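Student: Here you go, this is start_1.pdb (PDB, C-alpha atoms, pLDDT in the B column).
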```
ATOM      1  CA  MET A 121     -14.970 -26.398  75.833  1.00 87.00           C
ATOM      2  CA  LEU A 122     -14.028 -23.212  73.993  1.00 96.00           C
ATOM      3  CA  VAL A 123     -11.868 -24.810  71.268  1.00 97.00           C
ATOM      4  CA  GLU A 124     -14.610 -27.311  70.508  1.00 97.00           C
ATOM      5  CA  GLU A 125     -17.149 -24.493  70.188  1.00 97.00           C
ATOM      6  CA  ILE A 126     -14.932 -22.603  67.734  1.00 98.00           C
ATOM      7  CA  ALA A 127     -14.280 -25.781  65.744  1.00 98.00           C
ATOM      8  CA  LYS A 128     -18.021 -26.381  65.399  1.00 98.00           C
ATOM      9  CA  ARG A 129     -18.550 -22.837  64.163  1.00 98.00           C
ATOM     10  CA  ILE A 130     -15.873 -23.275  61.513  1.00 98.00           C
ATOM     11  CA  LEU A 131     -17.196 -26.642  60.373  1.00 98.00           C
ATOM     12  CA  SER A 132     -20.699 -25.208  60.149  1.00 98.00           C
ATOM     13  CA  LEU A 133     -19.466 -23.102  57.223  1.00 98.00           C
ATOM     14  CA  GLY A 134     -19.826 -26.244  55.124  1.00 96.00           C
ATOM     15  CA  GLN A 135     -17.775 -28.393  52.772  1.00 95.00           C
ATOM     16  CA  GLY A 136     -15.006 -27.276  50.489  1.00 97.00           C
ATOM     17  CA  ARG A 137     -11.771 -25.660  51.557  1.00 98.00           C
ATOM     18  CA  LEU A 138     -11.900 -23.296  54.490  1.00 98.00           C
ATOM     19  CA  LEU A 139      -9.209 -20.775  55.445  1.00 98.00           C
ATOM     20  CA  VAL A 140      -8.945 -19.729  59.090  1.00 98.00           C
ATOM     21  CA  GLY A 141      -6.735 -16.861  60.293  1.00 98.00           C
ATOM     22  CA  ILE A 142      -5.574 -16.437  63.899  1.00 98.00           C
ATOM     23  CA  ASP A 143      -4.106 -13.076  64.891  1.00 98.00           C
ATOM     24  CA  GLY A 144      -3.233 -11.161  68.036  1.00 98.00           C
ATOM     25  CA  PHE A 145      -0.269  -9.539  69.748  1.00 97.00           C
ATOM     26  CA  THR A 146       3.070 -11.347  69.867  1.00 93.00           C
ATOM     27  CA  ALA A 147       3.027 -14.183  72.417  1.00 94.00           C
ATOM     28  CA  ALA A 148      -0.764 -14.112  72.677  1.00 95.00           C
ATOM     29  CA  GLY A 149      -0.787 -17.893  72.199  1.00 96.00           C
ATOM     30  CA  LYS A 150      -1.721 -17.984  68.514  1.00 97.00           C
ATOM     31  CA  THR A 151       0.378 -20.990  67.517  1.00 97.00           C
ATOM     32  CA  SER A 152      -0.700 -23.143  70.453  1.00 97.00           C
ATOM     33  CA  PHE A 153      -4.333 -22.234  69.915  1.00 97.00           C
ATOM     34  CA  GLY A 154      -3.979 -23.045  66.219  1.00 98.00           C
ATOM     35  CA  HIS A 155      -2.593 -26.485  67.054  1.00 98.00           C
ATOM     36  CA  GLU A 156      -5.443 -27.176  69.484  1.00 98.00           C
ATOM     37  CA  LEU A 157      -8.039 -26.032  66.976  1.00 98.00           C
ATOM     38  CA  ALA A 158      -6.473 -28.143  64.238  1.00 98.00           C
ATOM     39  CA  GLY A 159      -6.587 -31.197  66.488  1.00 98.00           C
ATOM     40  CA  ARG A 160     -10.250 -30.635  67.255  1.00 98.00           C
ATOM     41  CA  ILE A 161     -11.231 -30.183  63.605  1.00 98.00           C
ATOM     42  CA  SER A 162      -9.171 -33.204  62.572  1.00 98.00           C
ATOM     43  CA  ALA A 163     -10.969 -35.289  65.202  1.00 98.00           C
ATOM     44  CA  GLU A 164     -14.216 -34.430  63.416  1.00 96.00           C
ATOM     45  CA  GLY A 165     -12.898 -36.045  60.252  1.00 96.00           C
ATOM     46  CA  ARG A 166     -11.804 -33.020  58.204  1.00 97.00           C
ATOM     47  CA  PRO A 167      -8.247 -32.859  56.842  1.00 97.00           C
ATOM     48  CA  VAL A 168      -6.341 -29.933  58.365  1.00 98.00           C
ATOM     49  CA  LEU A 169      -3.249 -28.036  57.254  1.00 98.00           C
ATOM     50  CA  ARG A 170      -1.282 -25.783  59.617  1.00 98.00           C
ATOM     51  CA  ALA A 171       0.903 -22.834  58.710  1.00 98.00           C
ATOM     52  CA  THR A 172       2.362 -19.778  60.391  1.00 98.00           C
ATOM     53  CA  LEU A 173       3.125 -16.430  58.805  1.00 98.00           C
ATOM     54  CA  ASP A 174       6.551 -16.449  60.470  1.00 97.00           C
ATOM     55  CA  ASP A 175       7.541 -19.000  57.827  1.00 98.00           C
ATOM     56  CA  PHE A 176       6.875 -16.399  55.133  1.00 98.00           C
ATOM     57  CA  LYS A 177       9.201 -13.610  56.207  1.00 97.00           C
ATOM     58  CA  LYS A 178      11.714 -12.058  53.857  1.00 97.00           C
ATOM     59  CA  PRO A 179      15.193 -13.630  54.177  1.00 95.00           C
ATOM     60  CA  TRP A 180      17.629 -12.036  56.589  1.00 92.00           C
ATOM     61  CA  ARG A 181      20.291 -11.884  53.879  1.00 93.00           C
ATOM     62  CA  ASP A 182      18.261  -9.128  52.204  1.00 91.00           C
ATOM     63  CA  ARG A 183      17.784  -7.014  55.317  1.00 87.00           C
ATOM     64  CA  HIS A 184      20.354  -4.477  54.104  1.00 87.00           C
ATOM     65  CA  LEU A 185      17.797  -3.511  51.452  1.00 90.00           C
ATOM     66  CA  TYR A 186      15.183  -2.332  53.935  1.00 92.00           C
ATOM     67  CA  ASP A 187      14.526  -1.434  57.563  1.00 92.00           C
ATOM     68  CA  ARG A 188      13.376  -4.417  59.579  1.00 89.00           C
ATOM     69  CA  GLU A 189      14.818  -3.287  62.904  1.00 89.00           C
ATOM     70  CA  SER A 190      12.484  -0.454  63.899  1.00 95.00           C
ATOM     71  CA  GLY A 191       8.863  -1.032  64.826  1.00 95.00           C
ATOM     72  CA  GLU A 192       7.594   0.616  61.670  1.00 97.00           C
ATOM     73  CA  GLY A 193      10.190  -1.152  59.547  1.00 96.00           C
ATOM     74  CA  TYR A 194       9.131  -4.499  60.973  1.00 96.00           C
ATOM     75  CA  TYR A 195       5.487  -3.789  60.184  1.00 97.00           C
ATOM     76  CA  ARG A 196       6.176  -2.548  56.648  1.00 97.00           C
ATOM     77  CA  ASN A 197       8.906  -4.935  55.574  1.00 97.00           C
ATOM     78  CA  ALA A 198       9.303  -8.164  57.559  1.00 97.00           C
ATOM     79  CA  TYR A 199       6.681 -10.329  55.855  1.00 98.00           C
ATOM     80  CA  ASP A 200       6.617 -11.441  52.227  1.00 98.00           C
ATOM     81  CA  TYR A 201       2.912 -11.280  51.416  1.00 98.00           C
ATOM     82  CA  GLU A 202       3.494 -12.075  47.753  1.00 98.00           C
ATOM     83  CA  ALA A 203       5.056 -15.385  48.809  1.00 98.00           C
ATOM     84  CA  VAL A 204       2.184 -16.074  51.222  1.00 98.00           C
ATOM     85  CA  LYS A 205      -0.301 -15.627  48.408  1.00 98.00           C
ATOM     86  CA  ARG A 206       1.624 -17.422  45.685  1.00 98.00           C
ATOM     87  CA  LEU A 207       2.727 -20.444  47.704  1.00 98.00           C
ATOM     88  CA  LEU A 208      -0.114 -20.912  50.179  1.00 98.00           C
ATOM     89  CA  LEU A 209      -3.270 -18.850  49.928  1.00 98.00           C
ATOM     90  CA  ASP A 210      -3.820 -18.762  46.163  1.00 98.00           C
ATOM     91  CA  PRO A 211      -3.472 -22.552  45.805  1.00 98.00           C
ATOM     92  CA  CYS A 212      -5.876 -23.083  48.704  1.00 98.00           C
ATOM     93  CA  ARG A 213      -8.387 -20.827  46.967  1.00 97.00           C
ATOM     94  CA  ALA A 214      -7.960 -22.501  43.555  1.00 97.00           C
ATOM     95  CA  PRO A 215     -10.364 -25.461  43.212  1.00 93.00           C
ATOM     96  CA  GLY A 216      -8.038 -27.257  40.812  1.00 94.00           C
ATOM     97  CA  ALA A 217      -4.904 -26.958  42.943  1.00 97.00           C
ATOM     98  CA  THR A 218      -3.738 -30.217  44.518  1.00 97.00           C
ATOM     99  CA  SER A 219      -0.817 -28.980  46.625  1.00 98.00           C
ATOM    100  CA  CYS A 220       0.574 -25.937  48.431  1.00 98.00           C
ATOM    101  CA  ALA A 221       3.729 -24.927  50.290  1.00 98.00           C
ATOM    102  CA  LEU A 222       3.390 -24.405  54.032  1.00 98.00           C
ATOM    103  CA  CYS A 223       6.719 -22.584  54.340  1.00 98.00           C
ATOM    104  CA  SER A 224       8.757 -20.198  52.220  1.00 98.00           C
ATOM    105  CA  ILE A 225      11.888 -19.450  54.274  1.00 97.00           C
ATOM    106  CA  ASP A 226      12.603 -21.336  57.492  1.00 97.00           C
ATOM    107  CA  PRO A 227      12.975 -18.507  60.058  1.00 94.00           C
ATOM    108  CA  LEU A 228      15.649 -20.343  62.067  1.00 93.00           C
ATOM    109  CA  THR A 229      17.842 -21.950  59.417  1.00 96.00           C
ATOM    110  CA  GLN A 230      16.975 -19.510  56.574  1.00 97.00           C
ATOM    111  CA  ARG A 231      16.637 -22.525  54.287  1.00 97.00           C
ATOM    112  CA  ASP A 232      14.397 -22.055  51.250  1.00 98.00           C
ATOM    113  CA  CYS A 233      11.504 -24.502  51.665  1.00 98.00           C
ATOM    114  CA  SER A 234       9.256 -23.108  48.941  1.00 98.00           C
ATOM    115  CA  SER A 235       9.624 -26.178  46.710  1.00 98.00           C
ATOM    116  CA  GLU A 236       8.439 -28.549  49.448  1.00 98.00           C
ATOM    117  CA  VAL A 237       4.724 -29.024  48.854  1.00 98.00           C
ATOM    118  CA  THR A 238       1.919 -30.675  50.784  1.00 98.00           C
ATOM    119  CA  PRO A 239      -1.134 -32.413  49.285  1.00 98.00           C
ATOM    120  CA  LEU A 240      -4.220 -30.227  49.322  1.00 97.00           C
ATOM    121  CA  GLY A 241      -7.562 -31.980  49.637  1.00 96.00           C
ATOM    122  CA  ALA A 242     -10.791 -30.589  48.260  1.00 96.00           C
ATOM    123  CA  ASP A 243     -12.265 -30.199  51.758  1.00 97.00           C
ATOM    124  CA  ALA A 244      -9.117 -29.243  53.672  1.00 98.00           C
ATOM    125  CA  VAL A 245      -9.216 -26.674  56.456  1.00 98.00           C
ATOM    126  CA  LEU A 246      -6.154 -24.424  56.463  1.00 98.00           C
ATOM    127  CA  ILE A 247      -5.376 -22.774  59.810  1.00 99.00           C
ATOM    128  CA  VAL A 248      -2.803 -19.971  59.670  1.00 98.00           C
ATOM    129  CA  ASP A 249      -1.541 -18.046  62.691  1.00 98.00           C
ATOM    130  CA  GLY A 250       0.531 -14.899  62.749  1.00 98.00           C
ATOM    131  CA  VAL A 251       0.651 -11.215  63.518  1.00 98.00           C
ATOM    132  CA  PHE A 252      -0.807  -8.908  60.871  1.00 98.00           C
ATOM    133  CA  ALA A 253      -2.873 -11.776  59.406  1.00 98.00           C
ATOM    134  CA  PHE A 254      -5.664  -9.377  58.462  1.00 98.00           C
ATOM    135  CA  ARG A 255      -3.670  -6.766  56.626  1.00 98.00           C
ATOM    136  CA  PRO A 256      -5.313  -5.690  53.351  1.00 98.00           C
ATOM    137  CA  GLU A 257      -2.773  -7.692  51.342  1.00 98.00           C
ATOM    138  CA  ILE A 258      -4.247 -11.019  52.516  1.00 98.00           C
ATOM    139  CA  ASP A 259      -7.421 -10.261  54.453  1.00 98.00           C
ATOM    140  CA  VAL A 260      -9.731 -11.227  51.577  1.00 98.00           C
ATOM    141  CA  TYR A 261      -8.677 -14.887  51.785  1.00 98.00           C
ATOM    142  CA  TRP A 262     -10.106 -15.770  55.213  1.00 98.00           C
ATOM    143  CA  ASP A 263     -13.394 -17.566  55.799  1.00 98.00           C
ATOM    144  CA  PHE A 264     -13.105 -17.273  59.579  1.00 98.00           C
ATOM    145  CA  ARG A 265     -11.115 -14.751  61.616  1.00 98.00           C
ATOM    146  CA  ILE A 266      -9.972 -15.222  65.226  1.00 98.00           C
ATOM    147  CA  TRP A 267      -8.297 -12.626  67.454  1.00 98.00           C
ATOM    148  CA  LEU A 268      -6.516 -13.668  70.646  1.00 98.00           C
ATOM    149  CA  GLN A 269      -6.597 -10.724  72.996  1.00 97.00           C
ATOM    150  CA  VAL A 270      -3.942 -10.008  75.619  1.00 96.00           C
ATOM    151  CA  ASP A 271      -2.760  -6.795  77.244  1.00 94.00           C
ATOM    152  CA  ALA A 272       0.270  -5.139  75.665  1.00 92.00           C
ATOM    153  CA  GLU A 273       2.367  -5.599  78.794  1.00 91.00           C
ATOM    154  CA  VAL A 274       1.452  -9.287  78.944  1.00 90.00           C
ATOM    155  CA  SER A 275       2.612  -9.604  75.340  1.00 91.00           C
ATOM    156  CA  VAL A 276       5.963  -7.958  76.104  1.00 91.00           C
ATOM    157  CA  ARG A 277       6.548 -10.045  79.240  1.00 91.00           C
ATOM    158  CA  ARG A 278       5.607 -13.347  77.628  1.00 90.00           C
ATOM    159  CA  GLY A 279       7.597 -12.606  74.505  1.00 86.00           C
ATOM    160  CA  ALA A 280      10.724 -11.644  76.438  1.00 86.00           C
ATOM    161  CA  GLU A 281      10.486 -14.808  78.538  1.00 89.00           C
ATOM    162  CA  ARG A 282       9.925 -16.973  75.473  1.00 85.00           C
ATOM    163  CA  ASP A 283      12.867 -15.494  73.557  1.00 76.00           C
ATOM    164  CA  GLN A 284      15.364 -15.091  76.383  1.00 70.00           C
ATOM    165  CA  ASP A 285      17.605 -17.909  75.141  1.00 65.00           C
ATOM    166  CA  ARG A 286      17.882 -16.244  71.733  1.00 67.00           C
ATOM    167  CA  ALA A 287      17.644 -12.542  72.557  1.00 53.00           C
ATOM    168  CA  GLY A 288      19.073 -12.569  76.074  1.00 55.00           C
ATOM    169  CA  THR A 289      18.811  -9.299  77.977  1.00 63.00           C
ATOM    170  CA  GLU A 290      17.614  -7.490  74.852  1.00 75.00           C
ATOM    171  CA  GLY A 291      14.450  -9.581  74.692  1.00 71.00           C
ATOM    172  CA  GLU A 292      12.215  -7.080  76.425  1.00 88.00           C
ATOM    173  CA  SER A 293      13.431  -4.100  74.388  1.00 86.00           C
ATOM    174  CA  VAL A 294      12.928  -6.019  71.124  1.00 89.00           C
ATOM    175  CA  HIS A 295       9.363  -6.830  72.060  1.00 91.00           C
ATOM    176  CA  ARG A 296       8.570  -3.381  73.423  1.00 93.00           C
ATOM    177  CA  ASP A 297      10.373  -1.201  70.861  1.00 93.00           C
ATOM    178  CA  ARG A 298       9.939  -3.302  67.715  1.00 93.00           C
ATOM    179  CA  TYR A 299       7.046  -5.757  67.913  1.00 95.00           C
ATOM    180  CA  LEU A 300       4.715  -3.733  70.114  1.00 94.00           C
ATOM    181  CA  VAL A 301       5.300  -0.578  68.062  1.00 96.00           C
ATOM    182  CA  ALA A 302       4.540  -2.541  64.874  1.00 97.00           C
ATOM    183  CA  GLU A 303       1.368  -3.988  66.350  1.00 97.00           C
ATOM    184  CA  ARG A 304       0.126  -0.559  67.392  1.00 97.00           C
ATOM    185  CA  ILE A 305       0.654   0.716  63.849  1.00 98.00           C
ATOM    186  CA  TYR A 306      -1.374  -2.267  62.638  1.00 98.00           C
ATOM    187  CA  LEU A 307      -4.210  -1.522  65.046  1.00 98.00           C
ATOM    188  CA  GLN A 308      -4.256   2.138  64.047  1.00 98.00           C
ATOM    189  CA  GLU A 309      -4.054   1.642  60.274  1.00 98.00           C
ATOM    190  CA  VAL A 310      -6.106  -1.523  59.793  1.00 98.00           C
ATOM    191  CA  ASP A 311      -8.368  -1.666  62.867  1.00 97.00           C
ATOM    192  CA  PRO A 312      -8.764  -5.447  62.520  1.00 98.00           C
ATOM    193  CA  LEU A 313     -10.946  -6.203  65.554  1.00 97.00           C
ATOM    194  CA  PRO A 314     -14.301  -5.254  63.973  1.00 96.00           C
ATOM    195  CA  MET A 315     -13.593  -7.839  61.233  1.00 96.00           C
ATOM    196  CA  MET A 316     -13.348 -10.739  63.685  1.00 98.00           C
ATOM    197  CA  ASP A 317     -15.719 -13.675  63.835  1.00 98.00           C
ATOM    198  CA  VAL A 318     -14.617 -14.231  67.418  1.00 98.00           C
ATOM    199  CA  VAL A 319     -12.385 -12.430  69.924  1.00 98.00           C
ATOM    200  CA  ILE A 320     -10.911 -14.567  72.712  1.00 98.00           C
ATOM    201  CA  ASP A 321      -9.329 -13.241  75.886  1.00 97.00           C
ATOM    202  CA  ASN A 322      -6.208 -15.391  76.215  1.00 96.00           C
ATOM    203  CA  SER A 323      -4.665 -13.569  79.174  1.00 95.00           C
ATOM    204  CA  VAL A 324      -4.621 -16.846  81.090  1.00 92.00           C
ATOM    205  CA  PHE A 325      -3.600 -19.740  78.858  1.00 90.00           C
ATOM    206  CA  ALA A 326      -5.493 -22.301  80.931  1.00 90.00           C
ATOM    207  CA  HIS A 327      -8.705 -20.267  80.947  1.00 93.00           C
ATOM    208  CA  PRO A 328      -9.413 -18.595  77.588  1.00 94.00           C
ATOM    209  CA  ARG A 329     -12.800 -16.956  77.287  1.00 96.00           C
ATOM    210  CA  ILE A 330     -14.841 -15.561  74.438  1.00 96.00           C
ATOM    211  CA  VAL A 331     -15.157 -11.787  74.615  1.00 94.00           C
ATOM    212  CA  THR A 332     -17.163 -11.201  71.456  1.00 85.00           C
ATOM    213  CA  ALA A 333     -18.659 -13.709  69.044  1.00 64.00           C
TER     214      ALA A 333
END
```
Could you take the file, read its structure, and then write that structure out as structure tokens?

Tutor:
Amino acid sequence: MLVEEIAKRILSLGQGRLLVGIDGFTAAGKTSFGHELAGRISAEGRPVLRATLDDFKKPWRDRHLYDRESGEGYYRNAYDYEAVKRLLLDPCRAPGATSCALCSIDPLTQRDCSSEVTPLGADAVLIVDGVFAFRPEIDVYWDFRIWLQVDAEVSVRRGAERDQDRAGTEGESVHRDRYLVAERIYLQEVDPLPMMDVVIDNSVFAHPRIVTA
């Protein structure tokens, strides 16, 4: 089983806290894969924490201060990497830290959750999913990097279907003209794939397969 194989590779890194990043195009299946991986690692007896970078975006109330609507604006401005580091990644890297925050701003309610902390064990495995997870601002934190690979058109189609209740008929244009443009800038500027510990073709959810390990 692929998830079990990846879990074993992560656990083979040893004791102490481990930080795992899962990246890939929008709607590649990052969150679901992260949940499955967390379940597998937890079954092996290690405490697991789950987080998503979408819970660390800048608040919508401040969007008048910057462009978050265009593809480039979304890539440059949507995520609050200082909050990711301060609330989540730095505590997980600090041996003496005993808690961290798994969310800064709730993306749906826009409620500030930064004061809500979770206990942080000495041997916890933190699994974080999200686009742009390996940008230079936070790339240094990861012990294990996973890329879920899907075709750009698959990403647009899946994303539009997933968000149709919220975005309606504009769902496809949002994914094609904003998210896909942002992801292509990311690929061009950062070139994250050579950094990966494993690349998984997730074109078919029921049949993921390792492309490079």

Student: Extract, using only C-alpha atoms, all DNA, RNA and protein residues at most 7 Å from segment 138-145 of chain A, discarding same-chain residues fewer than 4 positions from it, and format them as a ChimeraX atom specification.

Tutor: /A:150,244-253,261-270,275,303

Student: Nearest residue to Lys178 of chain A out of A:Gln284, A:Thr238, A:Thr229, A:Asn197, using all atoms listed in the file?

Tutor: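 The shortest atom-to-atom distance to Lys178 of chain A comes from A:Asn197.
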
Student: Residues of segment 159-212 of chain A within 6 Å of segment 217-220 of chain A: nearest atom pair and distance (Å, one decimal) for each, counting only C-alpha atoms, sorted by chain and number, as CSV?

Tutor:
```
residue,atom,partner,partner_atom,distance
A:Leu207,CA,A:Cys220,CA,5.9
A:Leu208,CA,A:Cys220,CA,5.4
A:Pro211,CA,A:Ala217,CA,5.4
```

Student: Using the chain letters and numbers from the file, give me the residues hit by the PyMOL selection byres ((chain A and resi 129) around 12), as a PyMOL selection string.

Tutor: chain A and resi 122-128+130-134+138+140+157+160-161+263-266+317-318+333

Student: Nearest to Leu307 of chain A: which of A:Arg255, A:Arg213, A:Lys177, A:His295 is it, counting only C-alpha atoms?

Tutor: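 When distances to Leu307 of chain A are compared using only C-alpha atoms, the smallest one comes from A:Arg255.
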
Student: Can you measure atom CA of Thr151 of chain A to atom CA of Tyr186 of chain A for me? One decimal in Å is fine.

Tutor: 27.4 Å

Student: Using 5 Å of padding on each side, determine the axis-aligned box around all atoms of segment 291-301 of chain A present in the file and give its centre and edge lengths in Å to one decimal, as JSON.

Tutor:
```
{"center_x": 9.6, "center_y": -5.1, "center_z": 72.1, "size_x": 19.7, "size_y": 19.0, "size_z": 18.7}
```

Student: Would you compute the distance between atom CA of Asp210 of chain A and atom CA of Ile258 of chain A? Give it in Å to one decimal.

Tutor: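 Spanning atom CA of Asp210 of chain A to atom CA of Ile258 of chain A is a straight-line distance of 10.0 Å.
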
Student: To one decimal place in Å, what is the distance between atom CA of Glu189 of chain A and atom CA of Asn322 of chain A?

Tutor: 27.7 Å

Student: Please supply segment 153-171 of chain A, rebuilt with N, CA, C and O atoms, as a tab-separated table (two decimals), in the frame of the given file.

Tutor:
```tsv
chain	number	residue	atom	x	y	z
A	153	PHE	N	-2.90	-22.17	70.15
A	153	PHE	CA	-4.33	-22.23	69.92
A	153	PHE	C	-4.62	-22.85	68.54
A	153	PHE	O	-5.55	-23.65	68.38
A	154	GLY	N	-3.81	-22.48	67.55
A	154	GLY	CA	-3.98	-23.04	66.22
A	154	GLY	C	-3.80	-24.55	66.22
A	154	GLY	O	-4.55	-25.29	65.55
A	155	HIS	N	-2.81	-25.04	66.96
A	155	HIS	CA	-2.59	-26.48	67.05
A	155	HIS	C	-3.79	-27.17	67.71
A	155	HIS	O	-4.24	-28.23	67.26
A	156	GLU	N	-4.29	-26.58	68.80
A	156	GLU	CA	-5.44	-27.18	69.48
A	156	GLU	C	-6.67	-27.21	68.58
A	156	GLU	O	-7.40	-28.20	68.52
A	157	LEU	N	-6.89	-26.11	67.88
A	157	LEU	CA	-8.04	-26.03	66.98
A	157	LEU	C	-7.90	-27.04	65.84
A	157	LEU	O	-8.88	-27.71	65.46
A	158	ALA	N	-6.71	-27.18	65.30
A	158	ALA	CA	-6.47	-28.14	64.24
A	158	ALA	C	-6.76	-29.56	64.72
A	158	ALA	O	-7.37	-30.37	64.00
A	159	GLY	N	-6.33	-29.87	65.94
A	159	GLY	CA	-6.59	-31.20	66.49
A	159	GLY	C	-8.06	-31.48	66.64
A	159	GLY	O	-8.54	-32.59	66.36
A	160	ARG	N	-8.81	-30.47	67.06
A	160	ARG	CA	-10.25	-30.64	67.26
A	160	ARG	C	-10.97	-30.84	65.92
A	160	ARG	O	-11.85	-31.71	65.80
A	161	ILE	N	-10.60	-30.06	64.93
A	161	ILE	CA	-11.23	-30.18	63.60
A	161	ILE	C	-10.85	-31.51	62.96
A	161	ILE	O	-11.69	-32.18	62.34
A	162	SER	N	-9.61	-31.92	63.11
A	162	SER	CA	-9.17	-33.20	62.57
A	162	SER	C	-9.94	-34.36	63.21
A	162	SER	O	-10.29	-35.34	62.53
A	163	ALA	N	-10.22	-34.24	64.50
A	163	ALA	CA	-10.97	-35.29	65.20
A	163	ALA	C	-12.38	-35.44	64.67
A	163	ALA	O	-13.02	-36.49	64.82
A	164	GLU	N	-12.88	-34.38	64.01
A	164	GLU	CA	-14.22	-34.43	63.42
A	164	GLU	C	-14.19	-35.00	62.00
A	164	GLU	O	-15.22	-35.07	61.33
A	165	GLY	N	-13.00	-35.39	61.54
A	165	GLY	CA	-12.90	-36.04	60.25
A	165	GLY	C	-12.49	-35.18	59.08
A	165	GLY	O	-12.39	-35.68	57.95
A	166	ARG	N	-12.23	-33.89	59.31
A	166	ARG	CA	-11.80	-33.02	58.20
A	166	ARG	C	-10.28	-32.97	58.16
A	166	ARG	O	-9.62	-32.83	59.20
A	167	PRO	N	-9.70	-33.04	56.96
A	167	PRO	CA	-8.25	-32.86	56.84
A	167	PRO	C	-7.87	-31.42	57.18
A	167	PRO	O	-8.58	-30.48	56.80
A	168	VAL	N	-6.77	-31.25	57.90
A	168	VAL	CA	-6.34	-29.93	58.36
A	168	VAL	C	-4.89	-29.70	57.97
A	168	VAL	O	-4.05	-30.58	58.09
A	169	LEU	N	-4.61	-28.49	57.51
A	169	LEU	CA	-3.25	-28.04	57.25
A	169	LEU	C	-2.94	-26.88	58.21
A	169	LEU	O	-3.80	-26.04	58.46
A	170	ARG	N	-1.70	-26.85	58.70
A	170	ARG	CA	-1.28	-25.78	59.62
A	170	ARG	C	-0.13	-25.00	59.01
A	170	ARG	O	0.79	-25.57	58.42
A	171	ALA	N	-0.19	-23.69	59.17
A	171	ALA	CA	0.90	-22.83	58.71
A	171	ALA	C	1.00	-21.63	59.63
A	171	ALA	O	0.04	-21.29	60.34
```
